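Notes for the one structure printed next.
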Amino acid sequence: MTKREKISSESVSSSRRDFLRSATGIGLGATLFSFAPASVFALPGTRKVVVVTFGGGARDEETFMPGGQGNIPHLLSELIPRATFFSQVINRGILGHYVATASLATGAYETFNNFASVPPDHPTVFEYFRKDLRRPATDAWVVAPSNGFGRIGESGNRLYGAGLGAGVILPKRLLTAALSSGGTRDYDHLLRDSYESPLYSQTLAGDAQELHRVGEILKLSVDDFTKLARSSASPDELSVYVAHRLMQRLAPSLLWITLHDMDIAHSGAYSLYLDGIQRSDRLCADIWKMIQSEPEYAGKTTMFILPDFGRDSDSEAGGNGFQHHRTGDVRSRTTWMMALGPGIRENVIVERPVESVDLVPTLGSLLGFSARLSSGKPLTEIL
Amino acid sequence: MPITPANLQPEHFAKYPPEARELATRYVALLRDLPLAFLPLLLRELIEYDWKFPAERRDLDRQLSYLAAAAPSERRAMFAAFAQLKLPPSLEETDWVNAPAGFSEQLSAFLWASHQIDAFRTAAVDYVQKLDAAAPPEPLPMRRLGIVLIGQGVAPGNGSSSYALFRKLRPHGVYFNQVDPHNGMQTVLDVIAGRYRAHPVAFDHWYIDGGAAESLSNGGVSQVSYQALGPVRAALLDRMQKLAQTNTMGPEAMSAALAQMKPEEVAMSGDSVLNHFQVDLLTQGSGTQVFSTTFVQWAAREALRRAQPVTLFARFAPRQRERPLSELLAGNTPTELDSHGSLIDGDMGGYYTWLNMQRLSDADKSSFLIWFEGGNEALAIGPSLMPGTQSSEALNLAQIFSRIV
């Protein structure tokens, strides 16, 4: 563009909101409500939360804008009508997938190197949850796509940290271990740990012990796990299957699922990026159906869906459009979030700007723990 | 003791290529006056001077002479925002003179981590705007023309049945739906050859092909082909795999290491400027080594950004299919092509090519044509065409060109 497009978070939010209203029939903005407490459903010990990160990085152009609506039919027709939708969620942190997802999980903007295998500095939501509510290790789990997320379950904070975090399952790493035990083949697709670079620098290391430990937890043999992978179209499908097994076997109260397929956008192939969004859209609806069909979850589970961040806008000369998230422009920082479940108002749009770090204190208010080191604020609209 | 901008000496540039060394030495007094948050970024460009395109050289020369001519107080004001950024001592201690690309990677990571990236962005945008205002671009020798072909491998009619072609470009031009495809490719090649004859200047006319390039009657057109670079891509992928297996450096350091690769290391011969450009495409572009559609889009972007040509022809070809997990686990299956996915990639790539043309001088006078190769659909943008319209006239490509060139 010869003249730089002027975009603000508000305008991004407005276009998303206007489209939602026309597409889903949402009529009234949240600003018209006075928020009576909805926490009658919040009974610590029975309430469950599932967080799904709609990653890694999707733009409004391919989702909520008129040209993108065909990619998210499930979000639009099945989930948003049941949800309170925050149309302006701003991420002021580092736009790398691990560090940004860690920031979502701690409620504080983490500043470590995105590509380093380090724990978050601030306590994670899992630690707050387990320590304050005295929950066992089996009650908080993370299912994440790659090695890079291996340390996300537990921070390095000395007041929390060791032994208080969530169990972390990295299905691709398990699969690598499973395949290693059956001979080697050309599994380059699986070894691609990060789409953010043409260099697959973090080669997945399969750990046989970990494989058997998780196999025990999930009651899933190595053969069954491999068969399952053979029927999966993508790593995210495998992740959702593993998450479902966790729900059936351990019924954790706090389950965090990180989707990542759409980050193939870094390869520059637009059609594959669209495929990834469409798959994530379908998987989010699948997870919601799983919640409704599992007795341990039905009627007492709140699901949150939010992207970790967006991607660069087409108008940013320093970027290359959808391919990356490197410019830090408004579009890449402004996303959305939806919450649905018992006690959550349906068909409501919240227009005020909130931050992605507000998620953890909100979960604290819902579940009854204090996210004392988070820089976010509870989202009163859903409490 | 680490080198600081203030104590730079000509001998610090001893390892620079000849022309870059001469330029750095000539402007060393100016370089001493620039803040560390900016200077290595300038040196990153300067160190490549010997392999820069004429347009890039002109821009760099103009920038340096403009800065050197500015009064010290004016220069301080121009760089005040950069000077205010707080950098850690570890960055100051790096060899930013000889490895400015590595410094840039580390600087970027630090600015993100220290929440200074927005301040840096603002400073960079302001700086570029001041430069542009101070040194208006020279008039173009001829109006700029971009041509994009997509849809190779997709039977005409099939591609657009489930995907509305040119959806992002339609508001900006005329959509033709009755194009006579006969002799279309030859028409495009003739247009390019004719433009070169009218203005025979190196690197001002480009042809980028995602498959095997058609032969051009004129050898002066800069030509880049994904297929011709096959051996280079294989050598680079081999190098990348080896680097990855060592697992001793992070992606930023590995990117910096790859960025230092030279054409000679991957057995390239011929025009050294064009060869450096092609190696850059493969080492600095993400996905360019694997997907031909990404390669064409990125090559077109970089050619426009760097060489600022008056003619650019980009032809997308089918890329390899991304195999689903289940197929990979089923064992070795032959690599197939994904023609339909490539059509969508190319359609977006065409839009990005037009967008990147809009970032160059005299954009309002430029023309653009995108054609579903072998099919009846095309879209043209030009000063004399009505944006957001449709034409059902039966026209061949030569007739459409006559309306925009």
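If you're wondering about the labels, chains in the structure tokens are A, B, ... by order shown, residues count from 1 in each chain, ligands from 1 in order shown.
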
Identify all chain B residues at most 6 Å from chain A by counting only C-alpha atoms; ligands do not count. Present them as a PyMOL selection string.
-> chain B and resi 112-113+244+286-287+294+324-326+329+341+344-345+358-359

Go ahead and write the selection's residues with N, CA and C atoms as an mmCIF file, in the first residue's frame.
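Generated file (out.cif):
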data_model
loop_
_atom_site.group_PDB
_atom_site.id
_atom_site.type_symbol
_atom_site.label_atom_id
_atom_site.label_comp_id
_atom_site.auth_asym_id
_atom_site.auth_seq_id
_atom_site.Cartn_x
_atom_site.Cartn_y
_atom_site.Cartn_z
ATOM 1 N N TRP B 112 11.822 -7.925 21.242
ATOM 2 C CA TRP B 112 10.560 -8.574 21.593
ATOM 3 C C TRP B 112 10.510 -8.853 23.089
ATOM 4 N N ALA B 113 11.606 -9.433 23.604
ATOM 5 C CA ALA B 113 11.610 -9.847 25.015
ATOM 6 C C ALA B 113 11.537 -8.655 25.956
ATOM 7 N N ALA B 244 20.605 -29.138 11.279
ATOM 8 C CA ALA B 244 19.544 -29.498 12.225
ATOM 9 C C ALA B 244 19.968 -30.672 13.097
ATOM 10 N N SER B 286 11.056 -18.730 3.890
ATOM 11 C CA SER B 286 10.539 -19.906 4.587
ATOM 12 C C SER B 286 9.625 -20.677 3.637
ATOM 13 N N GLY B 287 9.923 -21.942 3.434
ATOM 14 C CA GLY B 287 9.093 -22.775 2.565
ATOM 15 C C GLY B 287 9.497 -22.750 1.100
ATOM 16 N N THR B 294 5.330 -21.268 -3.038
ATOM 17 C CA THR B 294 5.942 -20.329 -2.100
ATOM 18 C C THR B 294 7.165 -19.676 -2.730
ATOM 19 N N PRO B 324 -0.900 -36.220 4.269
ATOM 20 C CA PRO B 324 -1.429 -36.301 5.632
ATOM 21 C C PRO B 324 -0.675 -37.338 6.457
ATOM 22 N N LEU B 325 -0.832 -37.211 7.759
ATOM 23 C CA LEU B 325 -0.145 -38.086 8.701
ATOM 24 C C LEU B 325 -0.381 -39.562 8.374
ATOM 25 N N SER B 326 -1.635 -39.898 8.107
ATOM 26 C CA SER B 326 -1.971 -41.294 7.875
ATOM 27 C C SER B 326 -1.207 -41.862 6.678
ATOM 28 N N LEU B 329 2.501 -42.459 7.485
ATOM 29 C CA LEU B 329 2.729 -43.634 8.311
ATOM 30 C C LEU B 329 2.475 -44.929 7.548
ATOM 31 N N GLY B 341 -4.667 -27.169 -4.825
ATOM 32 C CA GLY B 341 -4.093 -26.358 -3.743
ATOM 33 C C GLY B 341 -3.164 -25.291 -4.298
ATOM 34 N N ILE B 344 -4.968 -22.226 -5.487
ATOM 35 C CA ILE B 344 -5.314 -21.309 -4.385
ATOM 36 C C ILE B 344 -4.066 -20.557 -3.913
ATOM 37 N N ASP B 345 -2.957 -21.291 -3.791
ATOM 38 C CA ASP B 345 -1.693 -20.629 -3.406
ATOM 39 C C ASP B 345 -1.343 -19.531 -4.422
ATOM 40 N N GLN B 358 2.324 -2.237 -5.498
ATOM 41 C CA GLN B 358 1.750 -0.984 -5.001
ATOM 42 C C GLN B 358 2.673 -0.263 -4.034
ATOM 43 N N ARG B 359 3.676 -0.972 -3.546
ATOM 44 C CA ARG B 359 4.614 -0.360 -2.589
ATOM 45 C C ARG B 359 5.755 0.359 -3.301
#

Fewer than 3 positions away in the same chain doesn't count, so skip those; otherwise give me all residues within 8 Å of range 282-289 of chain A, counting only C-alpha atoms, as a ChimeraX atom specification.
-> /A:52,72,74-75,78-79,237,240,244,278-279,292-293,303,305

Find the spatial neighbours of Leu64 in chain B, counting only C-alpha atoms, within a cut-off of 9 Å - ignore same-chain residues fewer than 5 positions away - and output them as a ChimeraX atom specification.
-> /B:27,30,59,69

Near Tyr16 in chain B, counting only C-alpha atoms, which residues have an atom at most 9 Å away, once you skip same-chain residues fewer than 6 positions from it, shown as a ChimeraX atom specification?
-> /B:22,24,47-48,98

Those same residues, written as a compact mmCIF listing (two decimals), in the first residue's frame with N, CA, C and O atoms?
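Here's the written file result_27.txt:
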# COMPACT_ATOMS: atom_id res chain seq x y z
N GLU B 22 35.08 -0.26 0.34
CA GLU B 22 35.35 1.11 -0.12
C GLU B 22 34.25 2.07 0.34
O GLU B 22 34.52 3.16 0.83
N ALA B 24 32.14 1.65 2.93
CA ALA B 24 32.17 1.81 4.39
C ALA B 24 33.30 2.75 4.80
O ALA B 24 33.13 3.59 5.70
N ILE B 47 27.24 -4.51 3.67
CA ILE B 47 28.20 -5.59 3.50
C ILE B 47 27.89 -6.43 2.26
O ILE B 47 28.76 -7.12 1.71
N GLU B 48 26.65 -6.33 1.78
CA GLU B 48 26.24 -7.08 0.58
C GLU B 48 26.33 -6.22 -0.69
O GLU B 48 25.84 -6.62 -1.74
N ASN B 98 31.28 -7.39 11.43
CA ASN B 98 31.48 -8.44 10.43
C ASN B 98 30.30 -9.41 10.31
O ASN B 98 30.20 -10.13 9.32

Rounded to one decimal in Å, what is the spacing between CA of Leu397 in chain B and CA of Ser222 in chain B?
-> 22.7 Å

Extract, using only C-alpha atoms, all DNA, RNA and protein residues at most 12 Å from Val191 in chain B, discarding same-chain residues fewer than 2 positions from it, and format them as number ranges by chain.
-> B: 145-147, 184-189, 193-198, 205, 207, 216-218, 221, 311-313, 369, 397-402, 404-405

Tell me, in Å to one decimal, how far CA of Thr293 in chain B is from CA of Val224 in chain B.
->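 Between these atoms lies a distance of 13.3 Å.
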
Out of range 124-349 of chain B, which residues get strand (DSSP E) from DSSP, as a list of chain:residue names?
->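 Matching residues, listed in order: B:Leu145, B:Gly146, B:Ile147, B:Val148, B:Leu149, B:Ile150, B:Val174, B:Tyr175, B:Phe176, B:Val179, B:Asp180, B:His205, B:Trp206, B:Tyr207, B:Ile208, B:Asp209, B:Ser222, B:Gln223, B:Val224, B:Ser225, B:Thr311, B:Leu312, B:Phe313, B:Ala314, B:Arg315, B:Arg319, B:Gln320, B:Leu337, B:Asp338.
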
Tell me which protein, DNA and RNA residues are within 6 Å of range 34-40 of chain B, counting only C-alpha atoms, leaving out same-chain ones fewer than 6 positions away, and put them as a PyMOL selection string.
-> chain B and resi 82-83+96+100

Counting only C-alpha atoms, the residue among B:Thr353, B:Asn183, B:Gln152, B:Asn177 that lies closest to Ser339 in chain B is B:Gln152

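Nearest to Glu105 in chain B of all the residues B:Ala235, B:Ala81, B:Val310, B:Leu41 is B:Leu41, based on only C-alpha atoms.
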
Non-local contacts of Leu363 in chain A (12 Å; only C-alpha atoms; under 4 positions in same chain excluded) as JSON, numbers by chain | {"A": [39, 42, 44, 47, 48, 49, 50, 51, 104, 105, 106, 107, 124, 125, 126, 128, 129, 253, 254, 255, 256, 301, 302, 303, 304, 339, 357, 358, 359, 367, 368, 369, 370, 371, 374, 376, 377, 378, 379, 380, 382, 383]}

Between CA of Ser255 in chain B and CA of Pro171 in chain A, distance in Å (one decimal) | 27.5 Å

Within range 69-197 of chain B, find each residue whose DSSP state, derived from the backbone, is helix (DSSP H, G or I), and express the selection as a ChimeraX atom specification.
-> /B:69,72-78,80-83,89-92,100-113,117-134,170-172,184-197

Residues from the last selection, C-alpha atoms, saved as an mmCIF file, in the first residue's frame:
data_model
loop_
_atom_site.group_PDB
_atom_site.id
_atom_site.type_symbol
_atom_site.label_atom_id
_atom_site.label_comp_id
_atom_site.auth_asym_id
_atom_site.auth_seq_id
_atom_site.Cartn_x
_atom_site.Cartn_y
_atom_site.Cartn_z
ATOM 1 C CA ALA B 69 25.029 15.811 4.312
ATOM 2 C CA PRO B 72 24.778 16.680 13.241
ATOM 3 C CA SER B 73 21.795 18.062 15.168
ATOM 4 C CA GLU B 74 19.417 16.980 12.409
ATOM 5 C CA ARG B 75 20.963 13.513 12.385
ATOM 6 C CA ARG B 76 20.679 13.214 16.149
ATOM 7 C CA ALA B 77 17.007 14.080 15.942
ATOM 8 C CA MET B 78 16.493 11.551 13.177
ATOM 9 C CA ALA B 80 16.859 9.809 18.674
ATOM 10 C CA ALA B 81 14.255 7.062 18.900
ATOM 11 C CA PHE B 82 16.830 4.401 18.014
ATOM 12 C CA ALA B 83 19.329 5.846 20.478
ATOM 13 C CA PRO B 89 26.008 -5.380 26.986
ATOM 14 C CA SER B 90 25.964 -8.833 25.412
ATOM 15 C CA LEU B 91 24.724 -7.331 22.157
ATOM 16 C CA GLU B 92 27.390 -4.650 22.200
ATOM 17 C CA PRO B 100 25.543 -7.718 11.167
ATOM 18 C CA ALA B 101 22.921 -10.318 10.158
ATOM 19 C CA GLY B 102 23.591 -12.283 13.344
ATOM 20 C CA PHE B 103 23.343 -9.070 15.348
ATOM 21 C CA SER B 104 19.980 -8.300 13.718
ATOM 22 C CA GLU B 105 18.586 -11.687 14.741
ATOM 23 C CA GLN B 106 19.692 -11.162 18.339
ATOM 24 C CA LEU B 107 18.477 -7.587 18.380
ATOM 25 C CA SER B 108 15.072 -8.668 17.163
ATOM 26 C CA ALA B 109 14.775 -11.337 19.867
ATOM 27 C CA PHE B 110 15.871 -8.864 22.530
ATOM 28 C CA LEU B 111 13.474 -6.138 21.402
ATOM 29 C CA TRP B 112 10.560 -8.574 21.593
ATOM 30 C CA ALA B 113 11.610 -9.847 25.015
ATOM 31 C CA ILE B 117 9.660 -3.935 19.502
ATOM 32 C CA ASP B 118 6.823 -1.453 19.080
ATOM 33 C CA ALA B 119 9.131 1.487 19.779
ATOM 34 C CA PHE B 120 11.601 0.080 17.287
ATOM 35 C CA ARG B 121 8.888 -0.361 14.669
ATOM 36 C CA THR B 122 7.739 3.221 15.101
ATOM 37 C CA ALA B 123 11.306 4.500 14.853
ATOM 38 C CA ALA B 124 11.940 2.458 11.701
ATOM 39 C CA VAL B 125 8.752 3.592 9.982
ATOM 40 C CA ASP B 126 9.450 7.251 10.838
ATOM 41 C CA TYR B 127 12.989 6.962 9.556
ATOM 42 C CA VAL B 128 11.932 5.466 6.215
ATOM 43 C CA GLN B 129 9.263 8.120 5.785
ATOM 44 C CA LYS B 130 11.797 10.881 6.380
ATOM 45 C CA LEU B 131 14.183 9.318 3.899
ATOM 46 C CA ASP B 132 11.475 8.968 1.256
ATOM 47 C CA ALA B 133 10.395 12.555 1.753
ATOM 48 C CA ALA B 134 13.949 13.826 1.488
ATOM 49 C CA ARG B 170 -11.576 -8.057 -8.243
ATOM 50 C CA PRO B 171 -12.319 -4.794 -6.385
ATOM 51 C CA HIS B 172 -9.240 -3.290 -8.015
ATOM 52 C CA GLY B 184 -1.671 -16.836 -24.543
ATOM 53 C CA MET B 185 1.705 -17.926 -23.209
ATOM 54 C CA GLN B 186 3.479 -16.804 -26.378
ATOM 55 C CA THR B 187 1.737 -13.453 -26.116
ATOM 56 C CA VAL B 188 3.083 -12.997 -22.610
ATOM 57 C CA LEU B 189 6.609 -13.892 -23.699
ATOM 58 C CA ASP B 190 6.363 -11.506 -26.641
ATOM 59 C CA VAL B 191 5.241 -8.665 -24.369
ATOM 60 C CA ILE B 192 8.230 -9.234 -22.098
ATOM 61 C CA ALA B 193 10.659 -9.431 -25.007
ATOM 62 C CA GLY B 194 9.202 -6.245 -26.482
ATOM 63 C CA ARG B 195 9.566 -4.377 -23.218
ATOM 64 C CA TYR B 196 13.178 -5.477 -22.888
ATOM 65 C CA ARG B 197 13.902 -4.262 -26.419
#

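Minimum distance to Gly210 in chain B across B:Gln289, B:Asn275, B:Ser269, B:Gln390 (counting only C-alpha atoms) occurs at B:Gln289.
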
Measuring atom to atom with only C-alpha atoms, identify which of B:Trp354, B:Glu336, B:Leu243, B:Met386 is nearest to Tyr175 in chain B.
->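 Looking only at the distances to Tyr175 in chain B, the closest residue turns out to be B:Met386.
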
Rank nothing, just name the residue among B:His199, B:Lys52, B:Arg44, B:His340 nearest to His276 in chain B, using only C-alpha atoms.
-> B:Lys52
